[in-house]
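*Asks:* Below is run38.txt; it holds compact mmCIF, C-alpha atoms and all ligand atoms.
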# COMPACT_ATOMS: atom_id res chain seq x y z
CA MET A 84 0.00 0.00 0.00
CA HIS A 85 1.27 3.51 -0.89
CA GLN A 86 0.70 5.01 2.53
CA ALA A 87 2.75 6.95 5.12
CA LEU A 88 2.12 9.02 8.23
CA ALA A 89 4.38 11.88 9.31
CA ILE A 90 4.41 14.42 12.09
CA ALA A 91 5.99 17.89 12.14
CA HIS A 92 6.02 20.92 14.39
CA PRO A 93 5.35 24.54 13.48
CA ASN A 94 8.21 26.96 14.10
CA ILE A 95 8.59 30.46 15.44
CA ALA A 96 10.94 32.73 13.48
CA PHE A 97 13.52 34.66 15.53
CA ILE A 98 14.74 36.36 12.32
CA LYS A 99 11.76 36.58 9.98
CA TYR A 100 11.18 35.58 6.37
CA TRP A 101 9.22 38.38 4.69
CA GLY A 102 9.43 38.89 0.94
CA ASN A 103 10.58 36.69 -1.92
CA ARG A 104 13.09 36.98 -4.72
CA ASP A 105 11.08 34.36 -6.58
CA HIS A 106 7.42 34.00 -5.53
CA MET A 107 6.76 30.80 -7.50
CA LEU A 108 9.61 28.84 -5.93
CA ARG A 109 9.58 30.82 -2.67
CA ILE A 110 13.22 31.86 -2.86
CA PRO A 111 13.24 34.38 0.01
CA SER A 112 14.79 37.84 0.05
CA ASN A 113 16.72 37.08 3.26
CA ASP A 114 17.97 34.16 5.39
CA SER A 115 15.91 33.41 8.49
CA ILE A 116 16.30 31.60 11.84
CA SER A 117 13.64 29.77 13.83
CA MET A 118 12.91 27.29 16.61
CA ASN A 119 10.57 24.33 16.17
CA LEU A 120 7.65 24.33 18.59
CA GLY A 121 7.70 20.93 20.27
CA GLY A 122 4.34 21.15 22.05
CA LEU A 123 2.43 21.80 18.83
CA THR A 124 2.02 19.08 16.23
CA THR A 125 0.56 18.35 12.80
CA ARG A 126 -0.03 14.65 11.92
CA THR A 127 -0.54 13.94 8.25
CA GLN A 128 -1.29 10.67 6.52
CA VAL A 129 -1.01 10.31 2.75
CA THR A 130 -2.50 7.39 0.85
CA PHE A 131 -2.06 7.12 -2.94
CA GLU A 132 -5.10 5.10 -4.05
CA SER A 133 -5.98 3.61 -7.43
CA GLY A 134 -9.74 4.35 -7.10
CA LEU A 135 -9.38 8.15 -6.75
CA VAL A 136 -10.19 10.54 -9.63
CA ASN A 137 -8.59 13.55 -7.91
CA ASP A 138 -6.67 14.42 -4.74
CA ARG A 139 -8.68 14.61 -1.50
CA LEU A 140 -7.95 16.56 1.67
CA THR A 141 -9.48 15.91 5.10
CA LEU A 142 -8.45 18.58 7.65
CA ASP A 143 -9.22 17.85 11.30
CA GLY A 144 -11.87 15.37 10.09
CA ILE A 145 -13.54 17.76 7.61
CA GLU A 146 -13.42 17.22 3.84
CA THR A 147 -11.79 20.40 2.47
CA SER A 148 -11.58 21.95 -1.01
CA GLY A 149 -10.67 25.41 -2.36
CA ASN A 150 -7.30 27.05 -1.76
CA ALA A 151 -6.10 24.53 0.85
CA LEU A 152 -6.71 21.60 -1.52
CA SER A 153 -5.03 23.45 -4.44
CA ARG A 154 -1.89 24.05 -2.37
CA VAL A 155 -1.81 20.40 -1.28
CA GLY A 156 -2.48 19.28 -4.87
CA ALA A 157 0.44 21.38 -6.16
CA LEU A 158 2.83 19.68 -3.74
CA LEU A 159 1.46 16.23 -4.61
CA GLU A 160 1.94 17.07 -8.30
CA ARG A 161 5.62 17.78 -7.59
CA VAL A 162 5.95 14.47 -5.70
CA ARG A 163 4.27 12.61 -8.60
CA ALA A 164 6.74 14.21 -11.03
CA MET A 165 9.74 13.32 -8.81
CA SER A 166 8.69 9.73 -8.07
CA GLY A 167 6.83 8.67 -11.20
CA ILE A 168 3.76 7.55 -9.21
CA GLN A 169 0.59 8.30 -11.18
CA LEU A 170 -2.11 7.88 -8.54
CA PHE A 171 -4.13 10.56 -6.77
CA ALA A 172 -3.88 10.76 -3.00
CA HIS A 173 -6.08 11.10 0.06
CA VAL A 174 -4.44 13.44 2.61
CA GLN A 175 -5.72 13.32 6.20
CA SER A 176 -4.23 15.95 8.46
CA GLU A 177 -4.86 17.08 12.02
CA ASN A 178 -3.40 19.84 14.21
CA ASN A 179 -3.39 19.93 17.99
CA PHE A 180 -3.48 23.77 17.87
CA PRO A 181 -5.71 26.44 16.25
CA SER A 182 -4.71 27.29 12.65
CA GLY A 183 -4.67 30.69 10.93
CA THR A 184 -3.74 32.67 14.03
CA GLY A 185 -0.10 33.54 13.45
CA ILE A 186 1.04 30.13 14.61
CA ALA A 187 2.34 29.04 11.26
CA SER A 188 0.18 25.96 10.70
CA SER A 189 1.24 25.94 7.04
CA ALA A 190 4.83 25.27 8.18
CA SER A 191 4.05 22.07 10.09
CA ALA A 192 1.37 21.10 7.57
CA PHE A 193 3.64 21.21 4.53
CA ALA A 194 6.67 19.75 6.35
CA ALA A 195 4.55 16.76 7.43
CA LEU A 196 2.91 16.51 3.98
CA SER A 197 6.28 16.55 2.20
CA LEU A 198 7.66 13.71 4.30
CA ALA A 199 4.45 11.63 4.23
CA SER A 200 3.82 12.06 0.50
CA ALA A 201 7.43 11.46 -0.56
CA THR A 202 7.56 8.30 1.59
CA ALA A 203 4.15 7.06 0.42
CA ALA A 204 5.36 7.53 -3.17
CA GLY A 205 8.33 5.26 -2.43
CA MET A 206 11.05 7.93 -2.14
CA GLN A 207 13.61 8.27 0.66
CA LEU A 208 14.64 11.90 0.42
CA GLU A 209 17.57 13.43 2.26
CA GLU A 210 16.72 16.16 4.76
CA ARG A 211 17.83 18.92 2.38
CA ASP A 212 15.68 17.61 -0.45
CA LEU A 213 12.68 17.38 1.88
CA SER A 214 13.34 20.93 3.05
CA ARG A 215 13.47 22.15 -0.58
CA LEU A 216 10.25 20.29 -1.39
CA ALA A 217 8.42 21.74 1.65
CA ARG A 218 9.66 25.25 0.75
CA THR A 219 7.90 25.19 -2.62
CA ALA A 220 4.54 24.79 -0.80
CA SER A 221 5.15 27.22 2.10
CA GLY A 222 8.43 29.05 2.69
CA SER A 223 8.56 28.63 6.46
CA ALA A 224 7.76 24.90 6.09
CA CYS A 225 11.35 24.27 4.97
CA ARG A 226 12.42 25.24 8.52
CA SER A 227 10.10 22.65 10.11
CA VAL A 228 11.98 19.78 8.41
CA PRO A 229 15.29 19.87 10.41
CA ALA A 230 15.40 19.63 14.23
CA GLY A 231 15.57 22.25 16.96
CA PHE A 232 17.09 25.64 16.08
CA VAL A 233 17.14 26.05 12.33
CA GLU A 234 18.55 28.44 9.73
CA TRP A 235 17.11 28.77 6.22
CA GLN A 236 19.79 29.77 3.76
CA ALA A 237 17.93 31.90 1.23
CA GLY A 238 20.11 30.82 -1.68
CA MET A 239 19.62 31.96 -5.27
CA ASP A 240 17.61 29.12 -6.79
CA HIS A 241 15.77 25.88 -6.00
CA SER A 242 18.88 23.85 -5.26
CA SER A 243 20.59 26.42 -3.01
CA SER A 244 17.54 27.37 -0.88
CA PHE A 245 16.95 25.00 2.08
CA ALA A 246 17.11 24.90 5.88
CA VAL A 247 19.60 23.24 8.21
CA SER A 248 19.72 22.66 11.96
CA ILE A 249 22.19 24.91 13.80
CA ALA A 250 21.56 23.36 17.25
CA PRO A 251 19.52 20.35 18.46
CA PRO A 252 16.40 20.81 20.65
CA SER A 253 18.37 19.80 23.77
CA HIS A 254 20.84 22.67 23.24
CA TRP A 255 18.81 25.30 25.12
CA SER A 256 15.65 24.92 27.21
CA LEU A 257 13.85 27.93 25.78
CA VAL A 258 10.08 28.12 26.09
CA ASP A 259 7.64 29.81 23.72
CA LEU A 260 4.48 30.87 25.56
CA VAL A 261 2.05 31.77 22.81
CA ALA A 262 -0.44 34.29 24.19
CA ILE A 263 -3.60 33.73 22.15
CA VAL A 264 -5.56 36.98 21.86
CA SER A 265 -7.67 35.93 18.85
CA ARG A 266 -8.75 32.60 17.37
CA GLU A 267 -10.08 34.12 14.15
CA HIS A 268 -8.49 33.46 10.78
CA LYS A 269 -6.28 36.32 9.63
CA CYS A 270 -7.72 38.34 6.75
CA THR A 271 -4.55 38.51 4.62
CA GLY A 272 -2.38 35.40 4.35
CA SER A 273 1.42 35.45 4.28
CA TYR A 274 1.48 34.64 0.55
CA GLU A 275 -0.15 37.99 -0.30
CA GLY A 276 1.98 39.71 2.34
CA HIS A 277 5.26 38.48 0.82
CA GLN A 278 4.19 39.93 -2.53
CA LEU A 279 3.65 43.36 -0.96
CA ALA A 280 6.94 43.49 0.98
CA ASN A 281 8.84 45.38 -1.73
CA THR A 282 6.18 48.10 -1.89
CA SER A 283 7.34 49.32 1.54
CA PRO A 284 10.21 51.83 1.45
CA LEU A 285 11.46 50.17 4.66
CA GLN A 286 11.99 46.71 3.15
CA ALA A 287 15.34 47.67 1.55
CA CYS A 288 16.68 48.84 4.97
CA ARG A 289 15.37 45.69 6.63
CA LEU A 290 17.16 43.50 4.07
CA LYS A 291 20.40 45.50 4.18
CA ASP A 292 20.65 45.07 7.95
CA ALA A 293 19.59 41.38 7.94
CA PRO A 294 23.11 39.80 7.86
CA LYS A 295 23.98 41.65 11.09
CA ARG A 296 20.81 40.51 12.87
CA LEU A 297 21.32 36.94 11.65
CA GLU A 298 24.87 36.88 13.00
CA ILE A 299 23.78 38.26 16.41
CA CYS A 300 20.90 35.76 16.60
CA ARG A 301 23.02 32.76 15.58
CA ARG A 302 25.68 33.70 18.18
CA ALA A 303 23.07 34.27 20.90
CA ILE A 304 21.63 30.79 20.29
CA LEU A 305 25.02 29.07 20.21
CA ASP A 306 26.14 30.93 23.41
CA ARG A 307 22.71 30.55 25.10
CA ASP A 308 22.83 34.33 25.63
CA PHE A 309 19.20 35.25 26.38
CA GLU A 310 19.79 38.99 26.71
CA ALA A 311 21.34 39.24 23.24
CA LEU A 312 18.62 37.00 21.78
CA ALA A 313 15.84 39.10 23.34
CA GLU A 314 17.12 42.37 21.84
CA VAL A 315 17.59 41.04 18.30
CA VAL A 316 14.35 39.03 18.25
CA GLU A 317 12.20 42.02 19.23
CA LEU A 318 14.06 44.31 16.83
CA ASP A 319 13.58 41.87 13.94
CA SER A 320 9.87 41.37 14.68
CA ASN A 321 9.30 45.12 14.90
CA MET A 322 11.18 45.66 11.63
CA MET A 323 9.00 43.12 9.81
CA HIS A 324 5.81 44.66 11.18
CA ALA A 325 7.07 48.12 10.21
CA VAL A 326 7.38 46.84 6.63
CA ILE A 327 3.94 45.22 6.87
CA MET A 328 2.32 48.44 8.12
CA THR A 329 3.99 50.58 5.45
CA SER A 330 3.37 48.41 2.38
CA ASN A 331 0.91 49.43 -0.31
CA PRO A 332 -1.80 48.49 0.43
CA ARG A 333 -0.86 48.50 4.10
CA LEU A 334 -1.49 45.48 6.28
CA GLN A 335 -1.96 45.33 10.03
CA TYR A 336 -1.84 42.14 12.06
CA TRP A 337 -1.76 43.58 15.57
CA GLN A 338 -4.88 44.05 17.65
CA PRO A 339 -5.17 46.16 20.82
CA ALA A 340 -4.51 43.08 22.99
CA THR A 341 -1.38 42.30 20.92
CA LEU A 342 0.07 45.69 21.78
CA ALA A 343 -0.95 45.35 25.42
CA VAL A 344 1.04 42.09 25.73
CA MET A 345 4.04 43.61 23.88
CA LEU A 346 4.14 46.59 26.24
CA GLU A 347 3.87 44.41 29.35
CA VAL A 348 6.65 42.08 28.16
CA SER A 349 8.94 45.08 27.49
CA ARG A 350 8.12 46.45 30.93
CA TRP A 351 8.91 43.09 32.59
CA ARG A 352 12.28 42.96 30.83
CA LYS A 353 13.11 46.46 32.08
CA THR A 354 12.48 45.24 35.63
CA GLY A 355 15.02 42.43 35.12
CA ILE A 356 12.79 39.50 34.06
CA PRO A 357 14.48 37.76 31.08
CA VAL A 358 11.65 37.64 28.56
CA CYS A 359 10.91 38.97 25.05
CA TYR A 360 8.18 38.88 22.40
CA THR A 361 7.95 38.13 18.70
CA ILE A 362 4.92 38.18 16.40
CA ASP A 363 4.34 36.41 13.06
CA ALA A 364 1.64 37.30 10.52
CA GLY A 365 -1.20 37.29 13.04
CA PRO A 366 -2.33 38.92 16.28
CA ASN A 367 -0.99 36.39 18.78
CA VAL A 368 2.18 37.10 20.74
CA HIS A 369 4.99 34.56 21.12
CA VAL A 370 6.60 35.24 24.49
CA LEU A 371 10.06 33.69 24.83
CA CYS A 372 11.93 32.89 28.02
CA GLU A 373 14.14 30.21 29.56
CA SER A 374 12.22 27.29 31.10
CA LYS A 375 13.17 28.25 34.67
CA HIS A 376 11.08 31.45 34.31
CA ALA A 377 8.20 29.97 32.30
CA GLY A 378 5.85 29.19 35.21
CA GLU A 379 5.94 32.70 36.65
CA ILE A 380 5.72 34.44 33.24
CA SER A 381 2.87 32.19 32.12
CA MET A 382 0.88 33.13 35.24
CA GLN A 383 1.47 36.83 34.65
CA LEU A 384 0.43 36.48 30.99
CA THR A 385 -2.79 34.68 31.93
CA SER A 386 -3.82 37.62 34.11
CA LEU A 387 -3.52 40.17 31.26
CA PRO A 388 -6.82 41.41 29.79
CA GLY A 389 -7.47 40.03 26.30
CA VAL A 390 -5.30 36.92 26.70
CA LEU A 391 -7.60 33.95 26.02
CA GLU A 392 -5.19 31.08 26.39
CA ILE A 393 -1.47 30.27 26.60
CA LEU A 394 0.10 27.54 24.45
CA ASN A 395 3.37 26.25 25.87
CA SER A 396 6.17 24.94 23.63
CA HIS A 397 9.75 23.77 24.10
CA PRO A 398 12.27 23.28 21.23
CA GLY A 399 10.90 20.56 18.93
CA GLY A 400 12.46 17.82 16.85
CA ALA A 401 12.60 17.22 13.11
CA ALA A 402 9.73 16.13 10.88
CA ARG A 403 9.48 12.35 11.31
CA LEU A 404 7.56 9.27 10.26
CA GLU A 405 5.07 7.51 12.54
CA SER A 406 3.51 4.12 12.34
CA ASN A 407 0.01 4.47 13.91
CA PRO A 408 -2.50 5.24 11.14
CA VAL A 409 -5.02 8.10 11.36
CA ASP A 410 -8.65 7.00 11.92
CA ASP A 411 -11.04 7.68 9.08
C1 LIG A 501 5.61 36.11 9.33
O1 LIG A 501 5.88 30.63 5.20
O2 LIG A 501 3.60 31.34 5.98
O3 LIG A 501 5.63 33.77 9.76
O4 LIG A 501 5.42 30.79 1.88
O5 LIG A 501 3.30 32.03 1.61
O6 LIG A 501 3.36 29.97 3.07
P1 LIG A 501 4.12 31.18 2.52
O7 LIG A 501 4.47 32.10 3.76
P2 LIG A 501 4.84 31.67 5.22
O8 LIG A 501 5.46 33.04 5.78
C2 LIG A 501 5.88 33.12 7.10
C3 LIG A 501 5.98 34.53 7.50
C4 LIG A 501 6.23 34.76 8.97
C5 LIG A 501 7.71 34.87 9.27
C6 LIG A 501 8.49 33.58 9.32
O9 LIG A 501 7.94 32.53 9.70
O10 LIG A 501 9.69 33.64 9.01
Can the structure in the file be given as structure tokens, please?

*Replies:*
Amino acid sequence: MHQALAIAHPNIAFIKYWGNRDHMLRIPSNDSISMNLGGLTTRTQVTFESGLVNDRLTLDGIETSGNALSRVGALLERVRAMSGIQLFAHVQSENNFPSGTGIASSASAFAALSLASATAAGMQLEERDLSRLARTASGSACRSVPAGFVEWQAGMDHSSSFAVSIAPPSHWSLVDLVAIVSREHKCTGSYEGHQLANTSPLQACRLKDAPKRLEICRRAILDRDFEALAEVVELDSNMMHAVIMTSNPRLQYWQPATLAVMLEVSRWRKTGIPVCYTIDAGPNVHVLCESKHAGEISMQLTSLPGVLEILNSHPGGAARLESNPVDD
């Protein structure tokens, strides 16, 4: 049977990917660095079946069509071309976290789908090839393929653009406390956002300064230097949102509760608590700290007005295969 089941984690970018050199292949304008989110998981099973007349997608138990199915179909098409398999597939995928809220569900979704579909089609791809494959479906998905702390080398073309692990999950017991302030789907997806990046006059400055921020971030991770990490992570997040808010048309992902959490986190850091924030393309705030401070910070976050829930994640492993099948 042409079937495989894979799991992958989403990731939170410390140095963000925003803007492409090549939109079709998702060759990004800058390198980026992220951490896989171990507590959050996508499980995806792919079955290539002879009776199917087109690809099918079941998301969290619900038969899904439209844009989500087209994106999945495009990746499956690539896998069919690489492997020679000619069958359509049934994809069953489930998340243990809410999607479309700035927790990049597309990253874990397409990392898991790449591994499951390549394996179900009879291929054993190397990590770099899997990362390249996942990238073509969702840029940040290439960073959910390797383990732990990961850097995506932007490269110039399909073969030179992939992600590698720079430190394993055990390297540093960081915690990402995701303060959920909204569970609604964002109105403008990242794909549209990336296409607008160059319309902001700030994007050129952001890109010019990126090598410096990447170097500081990489060093901070390798040295487990939280203070240095906190400064560069907040700066990078603010720079991306400055580009987002000054593009044409302008986008805006923050909500009042987003800003309230950002201000509190900055205030806590000024009083000596080692903590910082970063925000992806959504309203929820990723609050980073070392595990020894997570209990206290989580309690303080819960008491803030507008915070609905806290999701707790430690550094996660690589995308991997599993053996227990998904129930129909
Ligand atoms: C703000 O990878 O979601 O989360 O390639 O269109 O799927 P697509 O975009 P996506 O963009 C992620 C943007 C970000 C920053 C980041 O994760 O680096």

*Asks:* List as a compact mmCIF listing (two decimals) with C-alpha atoms, keeping the file's coordinate frame the protein and nucleic acid residues near A:Asp114, meaning an atom at most 12 Å away when all atoms listed in the file are counted, but skip any in the same chain fewer than 2 places from it.

*Replies:*
# COMPACT_ATOMS: atom_id res chain seq x y z
CA ALA A 96 10.94 32.73 13.48
CA PHE A 97 13.52 34.66 15.53
CA ILE A 98 14.74 36.36 12.32
CA LYS A 99 11.76 36.58 9.98
CA TYR A 100 11.18 35.58 6.37
CA TRP A 101 9.22 38.38 4.69
CA GLY A 102 9.43 38.89 0.94
CA ASN A 103 10.58 36.69 -1.92
CA ARG A 104 13.09 36.98 -4.72
CA ILE A 110 13.22 31.86 -2.86
CA PRO A 111 13.24 34.38 0.01
CA SER A 112 14.79 37.84 0.05
CA ILE A 116 16.30 31.60 11.84
CA SER A 117 13.64 29.77 13.83
CA GLY A 222 8.43 29.05 2.69
CA SER A 223 8.56 28.63 6.46
CA CYS A 225 11.35 24.27 4.97
CA ARG A 226 12.42 25.24 8.52
CA VAL A 233 17.14 26.05 12.33
CA GLU A 234 18.55 28.44 9.73
CA TRP A 235 17.11 28.77 6.22
CA GLN A 236 19.79 29.77 3.76
CA ALA A 237 17.93 31.90 1.23
CA GLY A 238 20.11 30.82 -1.68
CA MET A 239 19.62 31.96 -5.27
CA SER A 243 20.59 26.42 -3.01
CA SER A 244 17.54 27.37 -0.88
CA PHE A 245 16.95 25.00 2.08
CA ALA A 246 17.11 24.90 5.88
CA VAL A 247 19.60 23.24 8.21
CA ARG A 289 15.37 45.69 6.63
CA LEU A 290 17.16 43.50 4.07
CA LYS A 291 20.40 45.50 4.18
CA ASP A 292 20.65 45.07 7.95
CA ALA A 293 19.59 41.38 7.94
CA PRO A 294 23.11 39.80 7.86
CA LYS A 295 23.98 41.65 11.09
CA ARG A 296 20.81 40.51 12.87
CA LEU A 297 21.32 36.94 11.65
CA GLU A 298 24.87 36.88 13.00
CA CYS A 300 20.90 35.76 16.60
CA ARG A 301 23.02 32.76 15.58

*Asks:* Kindly give the distance, in Å, that separates atom CA of A:Pro339 and atom CA of A:Asn367, rounded to a single decimal.

*Replies:*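 One can read the atom CA of A:Pro339 to atom CA of A:Asn367 distance as 10.8 Å.
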
*Asks:* Would you mind listing what lies within 7 Å of A:Phe193 as a list of chain:residue names, with all atoms listed in the file counted and same-chain residues fewer than 3 positions away left out?

*Replies:*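 The contact residues come out as A:Ser189, A:Ala190, A:Leu196, A:Ser197, A:Ala217, A:Ala220, A:Ser221, A:Ala224.
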
*Asks:* Between A:Gln335, A:Ser265, A:Ser253, A:Ser242, which is the closest to ligand LIG 501 (chain A) once you count all atoms listed in the file?

*Replies:*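 Looking only at the distances to ligand LIG 501 (chain A), the closest residue turns out to be A:Gln335.
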
*Asks:* From the options A:Ile362, A:Leu394, A:Leu318, A:Leu123, which residue's atoms come nearest to ligand LIG 501 (chain A), counting all atoms listed in the file?

*Replies:*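 Using all atoms listed in the file, the shortest distance to ligand LIG 501 (chain A) belongs to A:Ile362.
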
*Asks:* One number please: atom CA of A:Thr130 to atom CA of A:Ala230, in Å, one decimal.

*Replies:*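 Atom-to-atom, atom CA of A:Thr130 to atom CA of A:Ala230, that is 25.5 Å.
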
*Asks:* Point out the residue among A:Asn119, A:Thr202, A:Thr141, A:Asn94 with the least atom-to-atom distance to ligand LIG 501 (chain A), counting only C-alpha atoms and all ligand atoms.

*Replies:*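 Distance minimum relative to ligand LIG 501 (chain A) lands on A:Asn94.
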